[in-house]
$ cat my_file_16.cif   # mmCIF, C-alpha atoms
data_protein
loop_
_atom_site.label_atom_id
_atom_site.label_comp_id
_atom_site.auth_asym_id
_atom_site.auth_seq_id
_atom_site.Cartn_x
_atom_site.Cartn_y
_atom_site.Cartn_z
CA MET P 1 -105.31 132.16 58.86
CA THR P 2 -107.73 133.86 61.25
CA VAL P 3 -110.96 135.16 59.78
CA LEU P 4 -112.47 138.26 61.38
CA ILE P 5 -116.15 137.60 61.95
CA GLY P 6 -117.46 140.17 64.37
CA LEU P 7 -116.94 143.75 65.46
CA ALA P 8 -119.66 145.15 67.65
CA GLY P 9 -119.57 148.88 67.98
CA VAL P 10 -116.46 150.91 68.76
CA GLN P 11 -117.71 153.80 70.81
CA ALA P 12 -116.21 156.76 72.58
CA GLN P 13 -115.70 154.60 75.67
CA GLU P 14 -113.19 152.48 73.64
CA VAL P 15 -115.25 149.30 73.90
CA ARG P 16 -114.29 146.72 71.28
CA VAL P 17 -115.85 143.25 70.94
CA THR P 18 -114.52 140.83 68.32
CA ALA P 19 -114.68 137.14 67.53
CA SER P 20 -112.67 135.02 65.09
CA ILE P 21 -112.40 131.46 63.80
CA ASN P 22 -109.46 129.69 62.20
CA ARG P 23 -111.58 128.02 59.46
CA ASN P 24 -115.06 128.34 58.04
CA LYS P 25 -115.26 124.97 56.25
CA ILE P 26 -114.64 121.65 58.02
CA LEU P 27 -115.30 117.94 57.76
CA ILE P 28 -117.61 116.40 60.35
CA GLY P 29 -115.85 116.16 63.71
CA GLU P 30 -112.96 118.52 62.85
CA PRO P 31 -112.26 121.18 65.49
CA ILE P 32 -112.65 124.92 65.03
CA LEU P 33 -110.86 127.46 67.22
CA LEU P 34 -113.23 130.24 68.23
CA THR P 35 -111.43 133.26 69.72
CA LEU P 36 -113.33 135.96 71.66
CA ASN P 37 -111.70 139.33 72.34
CA VAL P 38 -113.14 142.13 74.48
CA GLU P 39 -111.34 145.44 75.07
CA ILE P 40 -112.87 147.88 77.59
CA PRO P 41 -111.71 150.94 79.52
CA GLN P 42 -110.05 150.39 82.87
CA ALA P 43 -112.39 149.97 85.88
CA THR P 44 -115.45 149.20 83.71
CA ARG P 45 -118.05 146.63 84.77
CA MET P 46 -118.50 143.79 82.32
CA GLY P 47 -120.27 140.44 82.04
CA TRP P 48 -119.18 137.65 79.69
CA PHE P 49 -120.64 135.80 76.73
CA ASP P 50 -123.39 133.25 77.32
CA LEU P 51 -121.66 130.10 76.05
CA ASP P 52 -123.87 127.32 77.38
CA THR P 53 -124.82 126.03 73.91
CA ILE P 54 -124.35 126.87 70.23
CA PRO P 55 -126.90 125.22 67.89
CA HIS P 56 -125.37 122.44 65.71
CA PHE P 57 -122.00 122.75 67.50
CA GLN P 58 -120.43 121.09 70.52
CA PHE P 59 -117.71 122.39 72.82
CA ILE P 60 -114.51 120.34 73.00
CA THR P 61 -112.39 122.58 75.27
CA ARG P 62 -112.79 125.98 76.91
CA ASN P 63 -109.58 127.77 77.80
CA LYS P 64 -109.54 130.21 80.69
CA ILE P 65 -110.07 133.91 80.04
CA ASP P 66 -106.71 135.68 79.68
CA THR P 67 -106.32 139.31 80.75
CA GLN P 68 -103.91 141.95 79.46
CA ASN P 69 -103.74 145.40 81.03
CA ASN P 70 -102.84 148.31 78.77
CA ALA P 71 -102.45 152.03 79.53
CA ARG P 72 -106.15 152.91 79.36
CA THR P 73 -107.87 149.62 78.60
CA VAL P 74 -108.05 145.97 79.60
CA LEU P 75 -108.05 143.21 76.95
CA PHE P 76 -109.86 139.93 77.72
CA ARG P 77 -109.37 136.89 75.47
CA GLN P 78 -110.81 133.36 75.51
CA VAL P 79 -110.10 130.56 73.03
CA LEU P 80 -112.64 127.75 72.66
CA SER P 81 -112.41 124.57 70.60
CA ILE P 82 -115.73 123.54 69.03
CA THR P 83 -116.86 121.05 66.39
CA SER P 84 -119.99 119.88 64.61
CA PHE P 85 -121.36 116.45 63.77
CA ASP P 86 -124.26 117.81 61.67
CA SER P 87 -123.51 118.17 57.97
CA GLY P 88 -124.74 121.30 56.23
CA SER P 89 -124.36 125.07 56.21
CA TRP P 90 -124.68 126.39 59.75
CA VAL P 91 -124.23 129.71 61.47
CA ILE P 92 -122.58 130.52 64.78
CA PRO P 93 -125.07 133.13 65.97
CA GLN P 94 -124.29 136.56 67.31
CA LEU P 95 -122.68 136.37 70.73
CA GLY P 96 -123.48 139.14 73.16
CA LEU P 97 -122.18 140.54 76.42
CA THR P 98 -122.95 143.53 78.63
CA VAL P 99 -120.42 146.29 79.31
CA GLY P 100 -121.66 148.84 81.80
CA ASN P 101 -125.25 149.49 80.78
CA ASN P 102 -124.78 148.67 77.10
CA ARG P 103 -125.15 145.42 75.17
CA TYR P 104 -122.66 144.47 72.45
CA LEU P 105 -122.97 141.71 69.79
CA THR P 106 -120.59 140.00 67.42
CA ASP P 107 -121.59 139.25 63.83
CA SER P 108 -122.96 135.82 62.96
CA ILE P 109 -120.50 133.28 61.50
CA PRO P 110 -121.20 131.02 58.50
CA VAL P 111 -119.61 127.55 58.76
CA MET P 112 -119.84 124.72 56.20
CA VAL P 113 -119.75 121.19 57.66
CA ASP P 114 -119.34 118.40 55.13
CA TYR P 115 -118.63 114.67 54.84
CA SER P 116 -115.46 113.22 53.41
CA PRO P 117 -115.97 112.62 49.67
CA THR P 118 -116.86 108.92 49.41
CA ASP P 119 -118.87 106.67 47.09
CA PRO P 120 -120.99 104.41 49.33
CA ASN P 121 -121.53 101.95 46.45
CA GLN P 122 -117.86 101.16 46.05
CA PRO P 123 -115.72 99.04 48.42
CA TYR P 124 -112.62 100.59 49.91
CA HIS P 125 -109.22 99.33 48.71
CA ASP P 126 -105.75 100.50 49.64
CA LEU P 127 -103.53 101.35 46.67
CA LYS P 128 -100.75 98.81 46.23
CA ASP P 129 -97.73 98.81 43.97
CA ILE P 130 -97.41 96.20 41.24
CA VAL P 131 -95.25 93.33 42.49
CA GLU P 132 -93.11 91.53 39.96
CA LEU P 133 -92.73 87.80 40.62
CA PRO P 134 -89.44 86.13 39.75
CA ALA P 135 -89.51 83.60 36.93
CA VAL P 136 -89.74 80.00 38.13
CA ASP P 137 -87.50 77.33 36.68
CA THR P 138 -89.65 74.61 35.02
CA LEU P 139 -87.46 71.95 36.64
CA TYR P 140 -88.66 73.08 40.08
CA ILE P 141 -92.24 72.86 38.85
CA ASN P 142 -91.71 69.22 37.95
CA TYR P 143 -90.27 68.51 41.39
CA ILE P 144 -93.25 70.22 43.03
CA LEU P 145 -95.76 68.28 40.94
CA ALA P 146 -94.04 65.00 41.77
CA ALA P 147 -94.02 65.83 45.50
CA VAL P 148 -97.69 66.82 45.47
CA THR P 149 -98.60 63.60 43.65
CA LEU P 150 -96.73 61.43 46.20
CA ILE P 151 -98.36 63.26 49.11
CA ALA P 152 -101.81 62.82 47.53
CA ILE P 153 -101.24 59.07 47.09
CA ALA P 154 -100.03 58.74 50.69
CA LEU P 155 -103.05 60.62 51.99
CA LEU P 156 -105.42 58.48 49.93
CA VAL P 157 -103.88 55.26 51.27
CA TYR P 158 -104.01 56.56 54.83
CA PHE P 159 -107.62 57.64 54.43
CA LEU P 160 -108.73 54.26 53.01
CA TRP P 161 -106.84 52.37 55.71
CA GLY P 162 -108.09 54.58 58.50
CA ARG P 163 -111.64 54.31 57.24
CA ASN P 164 -111.57 50.53 57.67
CA LYS P 165 -110.19 50.90 61.22
CA ALA P 166 -112.44 53.73 62.31
CA VAL P 167 -114.59 53.40 65.42
CA GLU P 168 -117.95 55.07 65.60
CA VAL P 169 -117.78 58.24 67.63
CA LYS P 170 -120.80 60.27 68.58
CA GLU P 171 -120.73 63.62 66.91
CA LYS P 172 -120.68 66.49 69.29
CA PRO P 173 -123.50 68.92 68.73
CA SER P 174 -122.24 71.96 66.88
CA ALA P 175 -122.27 75.29 68.66
CA ILE P 176 -125.42 77.29 68.13
CA GLN P 177 -124.82 79.95 65.51
CA LEU P 178 -126.33 83.30 66.39
CA SER P 179 -127.78 85.55 63.74
CA ALA P 180 -126.22 88.95 63.13
CA LEU P 181 -128.94 90.65 65.20
CA GLU P 182 -128.79 88.07 68.01
CA GLN P 183 -125.02 88.47 68.26
CA ALA P 184 -125.30 92.26 68.33
CA LEU P 185 -128.05 92.21 70.99
CA LYS P 186 -126.01 89.77 73.10
CA GLU P 187 -122.95 92.04 73.01
CA LEU P 188 -125.04 95.15 73.69
CA ALA P 189 -126.54 93.45 76.75
CA GLU P 190 -123.06 92.56 78.01
CA LEU P 191 -121.88 96.13 77.44
CA LYS P 192 -124.81 97.59 79.37
CA ALA P 193 -124.43 95.00 82.15
CA ALA P 194 -120.87 96.25 82.71
CA GLY P 195 -122.41 99.38 84.25
CA GLN P 196 -121.70 103.08 83.95
CA PRO P 197 -118.14 103.64 82.59
CA SER P 198 -115.69 105.74 84.56
CA ALA P 199 -114.03 108.78 82.99
CA THR P 200 -111.12 106.64 81.74
CA GLU P 201 -113.48 103.96 80.41
CA VAL P 202 -115.77 106.22 78.35
CA LYS P 203 -113.66 106.01 75.18
CA PRO P 204 -113.32 102.15 75.22
CA TYR P 205 -117.04 101.94 76.05
CA PHE P 206 -118.13 103.95 73.01
CA THR P 207 -115.48 102.33 70.80
CA ARG P 208 -116.99 98.94 71.66
CA LEU P 209 -120.50 100.28 70.97
CA ASN P 210 -119.35 101.51 67.56
CA ASP P 211 -117.69 98.14 66.77
CA ILE P 212 -120.86 96.20 67.65
CA THR P 213 -122.86 98.38 65.26
CA ARG P 214 -120.33 98.06 62.43
CA ASN P 215 -120.10 94.27 62.88
CA TYR P 216 -123.87 93.98 62.53
CA PHE P 217 -123.81 95.98 59.28
CA LYS P 218 -120.91 93.87 57.98
CA ASN P 219 -122.45 90.51 59.00
CA ARG P 220 -125.75 91.50 57.40
CA GLY P 221 -123.98 92.48 54.16
CA LEU P 222 -125.08 96.10 54.39
CA VAL P 223 -121.45 97.22 53.97
CA THR P 224 -118.45 95.39 52.57
CA ALA P 225 -115.64 97.85 53.28
CA PRO P 226 -113.98 97.20 56.67
CA ASP P 227 -113.31 100.92 57.15
CA ALA P 228 -116.63 102.30 55.95
CA SER P 229 -117.47 105.55 57.76
CA ASN P 230 -120.43 105.96 60.08
CA GLU P 231 -121.98 108.26 57.49
CA VAL P 232 -121.98 105.36 55.00
CA LEU P 233 -123.68 103.12 57.59
CA VAL P 234 -126.47 105.64 58.01
CA MET P 235 -126.89 106.04 54.25
CA ARG P 236 -127.27 102.25 53.84
CA VAL P 237 -130.43 102.16 55.98
CA GLN P 238 -131.97 105.53 55.20
CA SER P 239 -134.87 103.81 53.41
CA ASP P 240 -135.55 101.47 56.35
CA LEU P 241 -135.86 104.02 59.16
CA SER P 242 -138.13 106.97 59.64
CA ARG P 243 -136.60 110.42 59.57
CA GLU P 244 -136.63 110.60 63.37
CA GLN P 245 -135.18 107.10 63.76
CA LEU P 246 -132.46 107.85 61.20
CA TYR P 247 -131.60 111.08 62.99
CA GLN P 248 -131.33 109.29 66.35
CA LEU P 249 -129.04 106.60 64.90
CA ALA P 250 -126.84 109.22 63.24
CA GLN P 251 -126.62 111.26 66.44
CA THR P 252 -125.58 108.18 68.46
CA LEU P 253 -122.85 107.27 65.95
CA ARG P 254 -121.66 110.89 65.88
CA LEU P 255 -121.53 110.85 69.67
CA ALA P 256 -119.33 107.74 69.50
CA ASP P 257 -117.03 109.52 67.01
CA ALA P 258 -116.86 112.59 69.23
CA VAL P 259 -115.80 110.45 72.21
CA LYS P 260 -113.30 108.47 70.14
CA PHE P 261 -111.66 111.25 68.15
CA ALA P 262 -112.38 114.49 70.03
CA ARG P 263 -112.18 113.15 73.62
CA TYR P 264 -115.68 114.40 74.26
CA ILE P 265 -117.16 113.22 77.58
CA PRO P 266 -120.95 113.01 77.13
CA PRO P 267 -123.38 113.54 80.02
CA VAL P 268 -124.35 110.44 82.00
CA ASN P 269 -127.85 110.31 80.52
CA GLU P 270 -126.45 110.27 76.96
CA GLN P 271 -124.10 107.43 77.88
CA GLU P 272 -127.00 105.39 79.25
CA GLU P 273 -129.23 106.11 76.24
CA ALA P 274 -126.59 105.28 73.60
CA VAL P 275 -126.76 101.49 74.03
CA ASP P 276 -130.58 101.51 74.07
CA MET P 277 -130.67 103.63 70.92
CA ILE P 278 -128.34 101.28 69.00
CA ARG P 279 -130.33 98.23 70.15
CA LYS P 280 -133.58 99.83 69.06
CA SER P 281 -132.17 100.93 65.69
CA LEU P 282 -130.72 97.50 64.82
CA SER P 283 -133.99 95.78 65.77
CA ILE P 284 -135.97 98.13 63.51
CA ILE P 285 -133.52 97.62 60.62
CA GLU P 286 -133.84 93.84 61.01
CA GLU P 287 -137.63 94.05 61.15
CA VAL P 288 -138.04 96.38 58.16
CA HIS P 289 -135.12 95.60 55.85
CA TYR P 290 -135.24 91.82 55.98
CA LYS P 291 -139.00 91.49 55.68
CA LYS P 292 -139.09 93.43 52.43
CA PRO P 293 -140.07 91.40 49.33
CA GLY P 294 -136.94 89.91 47.83
CA ALA P 295 -134.74 90.95 50.76
#

$ encode --input "my_file_16.cif" --output "structure tokens"
Amino acid sequence: MTVLIGLAGVQAQEVRVTASINRNKILIGEPILLTLNVEIPQATRMGWFDLDTIPHFQFITRNKIDTQNNARTVLFRQVLSITSFDSGSWVIPQLGLTVGNNRYLTDSIPVMVDYSPTDPNQPYHDLKDIVELPAVDTLYINYILAAVTLIAIALLVYFLWGRNKAVEVKEKPSAIQLSALEQALKELAELKAAGQPSATEVKPYFTRLNDITRNYFKNRGLVTAPDASNEVLVMRVQSDLSREQLYQLAQTLRLADAVKFARYIPPVNEQEEAVDMIRKSLSIIEEVHYKKPGA
């Protein structure tokens, strides 16, 4: 259902400016369709809305401006897909354009952006039906026990015999085990060394960046659920990072989600900064969280 959110002045010149959205409450990353309609008299000069940025929102797609000629007026329409990765109550501000020598504004638009309802202290489990196991004949149990006993005796004899015949063999040095942070930093360095991703490689690039971050949190025991959301990751370390550091980590993870789920193509500078931001955040978490008393 479309919600009417703006009507800026219907005057004698038959100028009508409206805007509408298809929802006013979304989960983080969900798209909103923002529709802009402008109706003006024929042969009237007009600019268009300044749509470079909208605070707390990001553009996903911008459709072309459609035109419909009526008897006395011309109707212009543009549909834009936007989303937000900032939770909270936000407002799409008034959008203005100039028709002739007059300025027209739409009303502001309230939008609630929220997380999925989750309990970060509980692990995630899929619901499974109860499976009834068939009754086992006790005779088969006896056969199984006898077979296991014979196999155990055979293995014991083989082990004792082989032990007497064994020849000393130098043990190969075991592979060096990297810590959770060392493994993450190694993979981040490899990702950055691969160079700037092409347009078709942006999604796999940010998916890999997200996986490296999640693996660090899992290996460090900060989360136990394999499908914990990025919001849960941020909540787990909110006491370890400063407000600015926490915001930067959250923004980087939201950027990865936008690329993965909304096909957002970030500017080149944001792509280059994403890996550095994750590396810096993980290093700070390691330094602060694991040097706390009792950590």

$ resolve_selection --input "my_file_16.cif" --expression "the PyMOL selection byres ((chain P and resi 285) around 12)" --output "ChimeraX atom specification"
/P:180-181,213,216-217,220,222,233-234,236-242,245-246,249,278-284,286-292,295

$ residues_near_point --input "my_file_16.cif" --point "(-107.5, 125.2, 62.5)" --cutoff "12 Å" --atoms "only C-alpha atoms" --output "compact mmCIF listing (two decimals) with C-alpha atoms, in the frame of the given file"
# COMPACT_ATOMS: atom_id res chain seq x y z
CA MET P 1 -105.31 132.16 58.86
CA THR P 2 -107.73 133.86 61.25
CA VAL P 3 -110.96 135.16 59.78
CA SER P 20 -112.67 135.02 65.09
CA ILE P 21 -112.40 131.46 63.80
CA ASN P 22 -109.46 129.69 62.20
CA ARG P 23 -111.58 128.02 59.46
CA ASN P 24 -115.06 128.34 58.04
CA LYS P 25 -115.26 124.97 56.25
CA ILE P 26 -114.64 121.65 58.02
CA LEU P 27 -115.30 117.94 57.76
CA GLU P 30 -112.96 118.52 62.85
CA PRO P 31 -112.26 121.18 65.49
CA ILE P 32 -112.65 124.92 65.03
CA LEU P 33 -110.86 127.46 67.22
CA LEU P 34 -113.23 130.24 68.23
CA THR P 35 -111.43 133.26 69.72
CA LEU P 80 -112.64 127.75 72.66
CA SER P 81 -112.41 124.57 70.60
CA ILE P 82 -115.73 123.54 69.03
CA THR P 83 -116.86 121.05 66.39

$ resolve_selection --input "my_file_16.cif" --expression "the PyMOL selection byres ((chain P and resi 69) around 12)" --output "list in words"
Val38, Glu39, Ile40, Pro41, Gln42, Ala43, Asp66, Thr67, Gln68, Asn70, Ala71, Arg72, Thr73, Val74, Leu75, Phe76 and Arg77 of chain P

$ axis_aligned_box --input "my_file_16.cif" --around "region 64-68 of chain P" --padding-each-side "8 Å" --output "lines of an AutoDock Vina configuration file"
center_x = -107.0
center_y = 136.1
center_z = 80.1
size_x = 22.2
size_y = 27.7
size_z = 17.3

$ atom_distance --input "my_file_16.cif" --atom1 "CA of Gly195 (chain P)" --atom2 "CA of Pro266 (chain P)"
15.4 Å

$ atom_distance --input "my_file_16.cif" --atom1 "CA of Asp276 (chain P)" --atom2 "CA of Lys260 (chain P)"
19.0 Å

$ atom_distance --input "my_file_16.cif" --atom1 "CA of Glu187 (chain P)" --atom2 "CA of Gly29 (chain P)"
26.8 Å

$ decode --input "my_file_16.cif" --residues "region 69-80 of chain P" --atoms "all heavy atoms" --output "PDB file, in the first residue's frame"
ATOM      1  N   ASN P  69       2.002  13.172 -20.990  1.00  0.00           N
ATOM      2  CA  ASN P  69       1.384  14.418 -21.433  1.00  0.00           C
ATOM      3  C   ASN P  69      -0.138  14.295 -21.344  1.00  0.00           C
ATOM      4  O   ASN P  69      -0.733  13.347 -21.879  1.00  0.00           O
ATOM      5  CB  ASN P  69       1.793  14.742 -22.869  1.00  0.00           C
ATOM      6  CG  ASN P  69       3.231  15.196 -22.952  1.00  0.00           C
ATOM      7  OD1 ASN P  69       3.591  16.268 -22.486  1.00  0.00           O
ATOM      8  ND2 ASN P  69       4.081  14.357 -23.549  1.00  0.00           N
ATOM      9  N   ASN P  70      -0.732  15.250 -20.660  1.00  0.00           N
ATOM     10  CA  ASN P  70      -2.194  15.327 -20.580  1.00  0.00           C
ATOM     11  C   ASN P  70      -2.676  16.543 -21.380  1.00  0.00           C
ATOM     12  O   ASN P  70      -1.889  17.208 -22.055  1.00  0.00           O
ATOM     13  CB  ASN P  70      -2.649  15.414 -19.118  1.00  0.00           C
ATOM     14  CG  ASN P  70      -2.203  14.194 -18.322  1.00  0.00           C
ATOM     15  OD1 ASN P  70      -2.274  13.063 -18.818  1.00  0.00           O
ATOM     16  ND2 ASN P  70      -1.712  14.417 -17.104  1.00  0.00           N
ATOM     17  N   ALA P  71      -3.962  16.862 -21.260  1.00  0.00           N
ATOM     18  CA  ALA P  71      -4.529  17.947 -22.073  1.00  0.00           C
ATOM     19  C   ALA P  71      -3.867  19.278 -21.749  1.00  0.00           C
ATOM     20  O   ALA P  71      -3.436  20.013 -22.648  1.00  0.00           O
ATOM     21  CB  ALA P  71      -6.046  18.037 -21.852  1.00  0.00           C
ATOM     22  N   ARG P  72      -3.759  19.625 -20.483  1.00  0.00           N
ATOM     23  CA  ARG P  72      -3.197  20.916 -20.091  1.00  0.00           C
ATOM     24  C   ARG P  72      -1.904  20.801 -19.297  1.00  0.00           C
ATOM     25  O   ARG P  72      -1.222  21.798 -19.091  1.00  0.00           O
ATOM     26  CB  ARG P  72      -4.225  21.695 -19.258  1.00  0.00           C
ATOM     27  CG  ARG P  72      -5.487  22.100 -20.013  1.00  0.00           C
ATOM     28  CD  ARG P  72      -6.396  22.921 -19.112  1.00  0.00           C
ATOM     29  NE  ARG P  72      -6.757  22.178 -17.892  1.00  0.00           N
ATOM     30  CZ  ARG P  72      -7.354  22.723 -16.853  1.00  0.00           C
ATOM     31  NH1 ARG P  72      -7.670  24.003 -16.854  1.00  0.00           N
ATOM     32  NH2 ARG P  72      -7.642  21.987 -15.778  1.00  0.00           N
ATOM     33  N   THR P  73      -1.590  19.600 -18.826  1.00  0.00           N
ATOM     34  CA  THR P  73      -0.432  19.451 -17.947  1.00  0.00           C
ATOM     35  C   THR P  73       0.488  18.328 -18.423  1.00  0.00           C
ATOM     36  O   THR P  73       0.130  17.541 -19.301  1.00  0.00           O
ATOM     37  CB  THR P  73      -0.886  19.143 -16.504  1.00  0.00           C
ATOM     38  OG1 THR P  73      -1.586  17.889 -16.507  1.00  0.00           O
ATOM     39  CG2 THR P  73      -1.776  20.242 -15.959  1.00  0.00           C
ATOM     40  N   VAL P  74       1.667  18.296 -17.803  1.00  0.00           N
ATOM     41  CA  VAL P  74       2.625  17.211 -18.022  1.00  0.00           C
ATOM     42  C   VAL P  74       2.929  16.582 -16.658  1.00  0.00           C
ATOM     43  O   VAL P  74       3.203  17.296 -15.685  1.00  0.00           O
ATOM     44  CB  VAL P  74       3.937  17.725 -18.660  1.00  0.00           C
ATOM     45  CG1 VAL P  74       4.899  16.552 -18.908  1.00  0.00           C
ATOM     46  CG2 VAL P  74       3.650  18.473 -19.956  1.00  0.00           C
ATOM     47  N   LEU P  75       2.873  15.239 -16.593  1.00  0.00           N
ATOM     48  CA  LEU P  75       3.150  14.526 -15.349  1.00  0.00           C
ATOM     49  C   LEU P  75       4.516  13.844 -15.447  1.00  0.00           C
ATOM     50  O   LEU P  75       4.772  13.077 -16.373  1.00  0.00           O
ATOM     51  CB  LEU P  75       2.066  13.480 -15.076  1.00  0.00           C
ATOM     52  CG  LEU P  75       2.284  12.576 -13.854  1.00  0.00           C
ATOM     53  CD1 LEU P  75       2.290  13.407 -12.571  1.00  0.00           C
ATOM     54  CD2 LEU P  75       1.222  11.479 -13.787  1.00  0.00           C
ATOM     55  N   PHE P  76       5.399  14.154 -14.504  1.00  0.00           N
ATOM     56  CA  PHE P  76       6.724  13.536 -14.429  1.00  0.00           C
ATOM     57  C   PHE P  76       6.736  12.589 -13.227  1.00  0.00           C
ATOM     58  O   PHE P  76       6.249  12.937 -12.147  1.00  0.00           O
ATOM     59  CB  PHE P  76       7.815  14.594 -14.257  1.00  0.00           C
ATOM     60  CG  PHE P  76       7.908  15.555 -15.397  1.00  0.00           C
ATOM     61  CD1 PHE P  76       7.164  16.736 -15.387  1.00  0.00           C
ATOM     62  CD2 PHE P  76       8.723  15.295 -16.487  1.00  0.00           C
ATOM     63  CE1 PHE P  76       7.248  17.632 -16.430  1.00  0.00           C
ATOM     64  CE2 PHE P  76       8.810  16.185 -17.536  1.00  0.00           C
ATOM     65  CZ  PHE P  76       8.077  17.362 -17.520  1.00  0.00           C
ATOM     66  N   ARG P  77       7.318  11.424 -13.408  1.00  0.00           N
ATOM     67  CA  ARG P  77       7.376  10.439 -12.302  1.00  0.00           C
ATOM     68  C   ARG P  77       8.735   9.745 -12.300  1.00  0.00           C
ATOM     69  O   ARG P  77       9.255   9.361 -13.350  1.00  0.00           O
ATOM     70  CB  ARG P  77       6.267   9.410 -12.440  1.00  0.00           C
ATOM     71  CG  ARG P  77       6.385   8.231 -11.454  1.00  0.00           C
ATOM     72  CD  ARG P  77       5.180   7.339 -11.519  1.00  0.00           C
ATOM     73  NE  ARG P  77       3.963   8.044 -11.130  1.00  0.00           N
ATOM     74  CZ  ARG P  77       2.739   7.553 -11.287  1.00  0.00           C
ATOM     75  NH1 ARG P  77       2.559   6.374 -11.828  1.00  0.00           N
ATOM     76  NH2 ARG P  77       1.694   8.265 -10.901  1.00  0.00           N
ATOM     77  N   GLN P  78       9.303   9.589 -11.099  1.00  0.00           N
ATOM     78  CA  GLN P  78      10.552   8.838 -10.931  1.00  0.00           C
ATOM     79  C   GLN P  78      10.417   7.932  -9.708  1.00  0.00           C
ATOM     80  O   GLN P  78       9.959   8.364  -8.658  1.00  0.00           O
ATOM     81  CB  GLN P  78      11.763   9.760 -10.756  1.00  0.00           C
ATOM     82  CG  GLN P  78      13.089   9.004 -10.673  1.00  0.00           C
ATOM     83  CD  GLN P  78      14.299   9.910 -10.533  1.00  0.00           C
ATOM     84  OE1 GLN P  78      14.180  11.037 -10.037  1.00  0.00           O
ATOM     85  NE2 GLN P  78      15.452   9.441 -10.968  1.00  0.00           N
ATOM     86  N   VAL P  79      10.836   6.677  -9.869  1.00  0.00           N
ATOM     87  CA  VAL P  79      10.805   5.708  -8.770  1.00  0.00           C
ATOM     88  C   VAL P  79      12.246   5.375  -8.386  1.00  0.00           C
ATOM     89  O   VAL P  79      13.056   5.007  -9.235  1.00  0.00           O
ATOM     90  CB  VAL P  79      10.047   4.428  -9.162  1.00  0.00           C
ATOM     91  CG1 VAL P  79      10.063   3.425  -8.004  1.00  0.00           C
ATOM     92  CG2 VAL P  79       8.617   4.755  -9.571  1.00  0.00           C
ATOM     93  N   LEU P  80      12.555   5.510  -7.101  1.00  0.00           N
ATOM     94  CA  LEU P  80      13.887   5.223  -6.594  1.00  0.00           C
ATOM     95  C   LEU P  80      13.800   4.144  -5.518  1.00  0.00           C
ATOM     96  O   LEU P  80      12.852   4.124  -4.731  1.00  0.00           O
ATOM     97  CB  LEU P  80      14.550   6.481  -6.001  1.00  0.00           C
ATOM     98  CG  LEU P  80      14.596   7.709  -6.913  1.00  0.00           C
ATOM     99  CD1 LEU P  80      13.459   8.654  -6.552  1.00  0.00           C
ATOM    100  CD2 LEU P  80      15.927   8.418  -6.812  1.00  0.00           C
TER     101      LEU P  80
END
